[in-house]
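Beneath this line is the structure, given in structure tokens, with notes to follow.
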Amino acid sequence: MDPRQIIYQLGEEFGEEAIPGSPPIHQTSNYLFNSVKGMREALKQENDLPFYTRGTNPTVRLLSKKLAALESMEDALIFGSGSAAISSAVLSFLQAGDHVICTASPYSWTGKLMRNWLARFQVEVDFLNSSEALISSIKNNTKLIYLESPNSWTFEAYDIKMIGQQAREKNIITVLDNSYATPLLQRPAEADIDLVVHSATKYLGGHSDLVAGVVCGSQQLITKIFQEAYMTLGGIISPNDAWLLLRSLRTLPQRLEAIQKSTKDILGFLRDHPAVKKVYYPLAPSHSLKDMSGLFTIDLKTDDEHVVEQFCDHLQVFKLGPSWGSFHSLIFPAITTINSMNYHSEDTVVGRVRISIGLEDSEVLRADLSNALNLLS
Ligand SMILES: *Cc1c(COP(=O)(O)O)cnc(C)c1O
């Protein structure tokens, strides 16, 4: 089905004379029944029918159906953050003695889940930086392969189709973080990937007003996650935030298109700029990624923290802040992680700045960068 048809129509045919133009927010914790029979029926299908909002809520359910369809998967679960989605998906399938393979340099908190949490439960994890190395480190007890392709700072991409096929033959579950590409620019289902996770905080949300996460997969795997981590850890989204996400989705194709156009323009300018040492973005077209989105990283030609600070502070249109994929353009200088409570700073590249392109006019963005880069020459 066409993505726009999914976003605008799927799940919104109620079969009544008049339906609301925007779906209602079911701001309720529970559902009340006229009969024991009705209550019993709802409980039989707690992952699909409204009973208690930690399980199913109609506003959240509408969103999960649309996101599953966008990823061409059978079903989906929505979480209160990308990290809740990732940890719930991973933890639902592992037990002591299992082995996990993970791509090198995943999102920081995914890395902590892999390094710190899984070790506590006697799950061994190997981090590999190439598709071939990943496959050749499969062992008898390998249960799950976790992919972030491309990753969100240096954008290494992996051959997800080859990995998906090899893993499926060996009955190993594959999980892919598709936040960078969105369902519109990378199709993990076509690469035989089992579970797709998203930080919906980024492009799916796109307005810096909510934190959310998604897991998409087959009915069987999603039901397993529902019965395990989803209901036990309870990392759900509120009906109100699910409604905001439904609203955000309606402009995803148009937002992404505008962001891609500006990003190409700005990358062209930065690649040739004498004050920029290196630009990191996924080499297009790499494997299954159809195109780039709007996130990339530059290394400025300086080792002086104060110069990087001056560059960032000088920008007027780009705002300093975490996250990405929003309507406003954002920068995240790596030097801000030095001496922070949660990040290791030994390997921080001083000149490294991550840039997320938003919906502003690309000429305005280019001029803003140009002004700040002039400080370096
Ligand atoms: C932000 C991010 C996450 C975590 O998502 P939250 O919504 O912040 O919990 C996971 N993966 C990637 C690639 C991210 O950028």
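By order of appearance in the structure tokens: chains A, B, ..., then residues from 1 within every chain, and ligands from 1 in the order shown.
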Q: Do a neighbour search on Asn342 of chain A at 10 Å with only C-alpha atoms, toss out local chain neighbours closer than 5 positions, and write the hits as a PyMOL selection string.
A: chain A and resi 108-109+112+337
Q) Using only C-alpha atoms and all ligand atoms, what are the residues with an atom within 10 Å of ligand 1, set out as a ChimeraX atom specification? A) /A:79-87,106-111,148-153,176-181,197-203,205,210-214,295,322-325
Keeping C-alpha atoms, export the residues of the selection given above as a JSON list (two decimals), in the first residue's frame.
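The resulting file, result26.json, is reproduced below:
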[["chain", "number", "residue", "atom", "x", "y", "z"],
["A", 79, "PHE", "CA", 6.59, 2.51, 23.62],
["A", 80, "GLY", "CA", 7.22, 5.63, 25.68],
["A", 81, "SER", "CA", 10.72, 5.99, 24.18],
["A", 82, "GLY", "CA", 13.00, 4.47, 21.57],
["A", 83, "SER", "CA", 15.14, 3.07, 24.38],
["A", 84, "ALA", "CA", 12.11, 1.32, 25.95],
["A", 85, "ALA", "CA", 11.31, -0.18, 22.54],
["A", 86, "ILE", "CA", 14.89, -1.38, 21.98],
["A", 87, "SER", "CA", 15.46, -2.82, 25.45],
["A", 106, "PRO", "CA", 25.36, 1.69, 18.26],
["A", 107, "TYR", "CA", 23.32, 4.50, 19.86],
["A", 108, "SER", "CA", 24.85, 5.21, 23.30],
["A", 109, "TRP", "CA", 22.08, 3.71, 25.46],
["A", 110, "THR", "CA", 21.74, 0.70, 23.19],
["A", 111, "GLY", "CA", 25.49, 0.21, 23.74],
["A", 148, "GLU", "CA", 22.10, -0.12, 13.61],
["A", 149, "SER", "CA", 22.52, 0.65, 9.93],
["A", 150, "PRO", "CA", 23.50, 3.35, 9.42],
["A", 151, "ASN", "CA", 24.49, 4.43, 12.94],
["A", 152, "SER", "CA", 23.76, 7.94, 14.08],
["A", 153, "TRP", "CA", 27.21, 9.57, 14.48],
["A", 176, "LEU", "CA", 17.37, -3.31, 13.12],
["A", 177, "ASP", "CA", 17.25, 0.29, 14.34],
["A", 178, "ASN", "CA", 15.71, 2.12, 11.36],
["A", 179, "SER", "CA", 15.43, 5.55, 13.01],
["A", 180, "TYR", "CA", 17.80, 7.26, 10.58],
["A", 181, "ALA", "CA", 16.07, 6.06, 7.41],
["A", 197, "VAL", "CA", 12.84, -0.60, 16.03],
["A", 198, "HIS", "CA", 12.55, 3.18, 15.86],
["A", 199, "SER", "CA", 13.12, 6.11, 18.08],
["A", 200, "ALA", "CA", 9.86, 7.80, 17.06],
["A", 201, "THR", "CA", 11.19, 10.86, 18.86],
["A", 202, "LYS", "CA", 13.18, 11.63, 15.70],
["A", 203, "TYR", "CA", 11.62, 11.86, 12.18],
["A", 205, "GLY", "CA", 7.58, 12.66, 15.66],
["A", 210, "LEU", "CA", 7.33, 14.00, 22.32],
["A", 211, "VAL", "CA", 9.48, 10.96, 23.15],
["A", 212, "ALA", "CA", 8.35, 7.59, 21.76],
["A", 213, "GLY", "CA", 9.51, 4.26, 20.34],
["A", 214, "VAL", "CA", 8.25, 1.50, 18.07],
["A", 295, "LEU", "CA", 21.52, 13.76, 9.73],
["A", 322, "PRO", "CA", 20.31, 16.77, 21.72],
["A", 323, "SER", "CA", 18.08, 14.63, 19.49],
["A", 324, "TRP", "CA", 17.52, 15.10, 15.76],
["A", 325, "GLY", "CA", 14.91, 14.76, 13.01]]
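Checking A:Val100, A:Val349, A:Leu375, A:Ile135 one by one against Ala119 of chain A, counting only C-alpha atoms, you find the shortest gap at A:Val100.
Distance-wise, atom CA of Ala167 of chain A and atom CA of Ser288 of chain A end up 16.7 Å apart.
Of the listed residues A:Leu185, A:Met292, A:Leu244, A:Ile6, the one whose atoms come nearest to Gln260 of chain A is A:Met292, with distances taken using only C-alpha atoms.
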Give me the residues within 12 Å of Ala258 of chain A as a tab-separated table (two decimals) with C-alpha atoms, in the first residue's frame, counting only C-alpha atoms and dropping any in the same chain fewer than 5 places off.
chain	number	residue	atom	x	y	z
A	251	THR	CA	3.45	15.14	7.14
A	252	LEU	CA	6.32	12.64	7.33
A	253	PRO	CA	6.71	12.15	3.53
A	263	THR	CA	20.68	18.26	3.19
A	264	LYS	CA	22.09	17.57	-0.28
A	265	ASP	CA	22.55	21.27	-0.86
A	293	SER	CA	17.91	11.61	5.35
A	294	GLY	CA	19.01	14.79	7.08
A	325	GLY	CA	14.91	14.76	13.01
A	327	PHE	CA	11.57	20.84	12.20
A	357	ILE	CA	18.87	19.52	9.03
A	358	GLY	CA	15.36	20.85	9.67
A	359	LEU	CA	12.70	22.61	7.64
A	360	GLU	CA	14.24	26.09	7.45
A	361	ASP	CA	15.20	27.56	4.08
A	362	SER	CA	18.41	25.85	2.95
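Of the listed residues (A:Tyr158, A:Tyr343, A:Tyr146, A:Phe127), A:Tyr146 comes nearest to Asp194 of chain A; the distances count only C-alpha atoms.
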Q: Could you give me the residues within segment 55-218 of chain A that DSSP places in strand (DSSP E or B), as a count of residues only?
A: 37
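Minimum atom-to-atom distances from A:Thr182, A:Asn240, A:Thr154, A:Asn339 to Arg352 of chain A were compared using only C-alpha atoms, and the lowest value belongs to A:Thr154.
Between atom CA of Gln227 of chain A and atom CA of Asn34 of chain A there is a distance of 26.2 Å.
For the choices A:Ile335, A:Met114, A:Ile237, A:Ala157, the atom-to-atom distance to Asn57 of chain A is smallest for A:Ile237 when using only C-alpha atoms.
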Q: List every residue of segment 182-344 of chain A that DSSP, applied to the backbone of this structure, places in alpha helix (DSSP H), and write the result as a ChimeraX atom specification.
A: /A:182-185,219-225,231-233,239-249,252-271,305-314
Q.
What's around His99 of chain A at 12 Å? Count only C-alpha atoms, leave out sequence neighbours fewer than 2 positions away in its own chain, and write the answer as number ranges by chain.
A. A: 90, 93-97, 101-102, 114, 118-119, 121-127, 137-146, 172-173
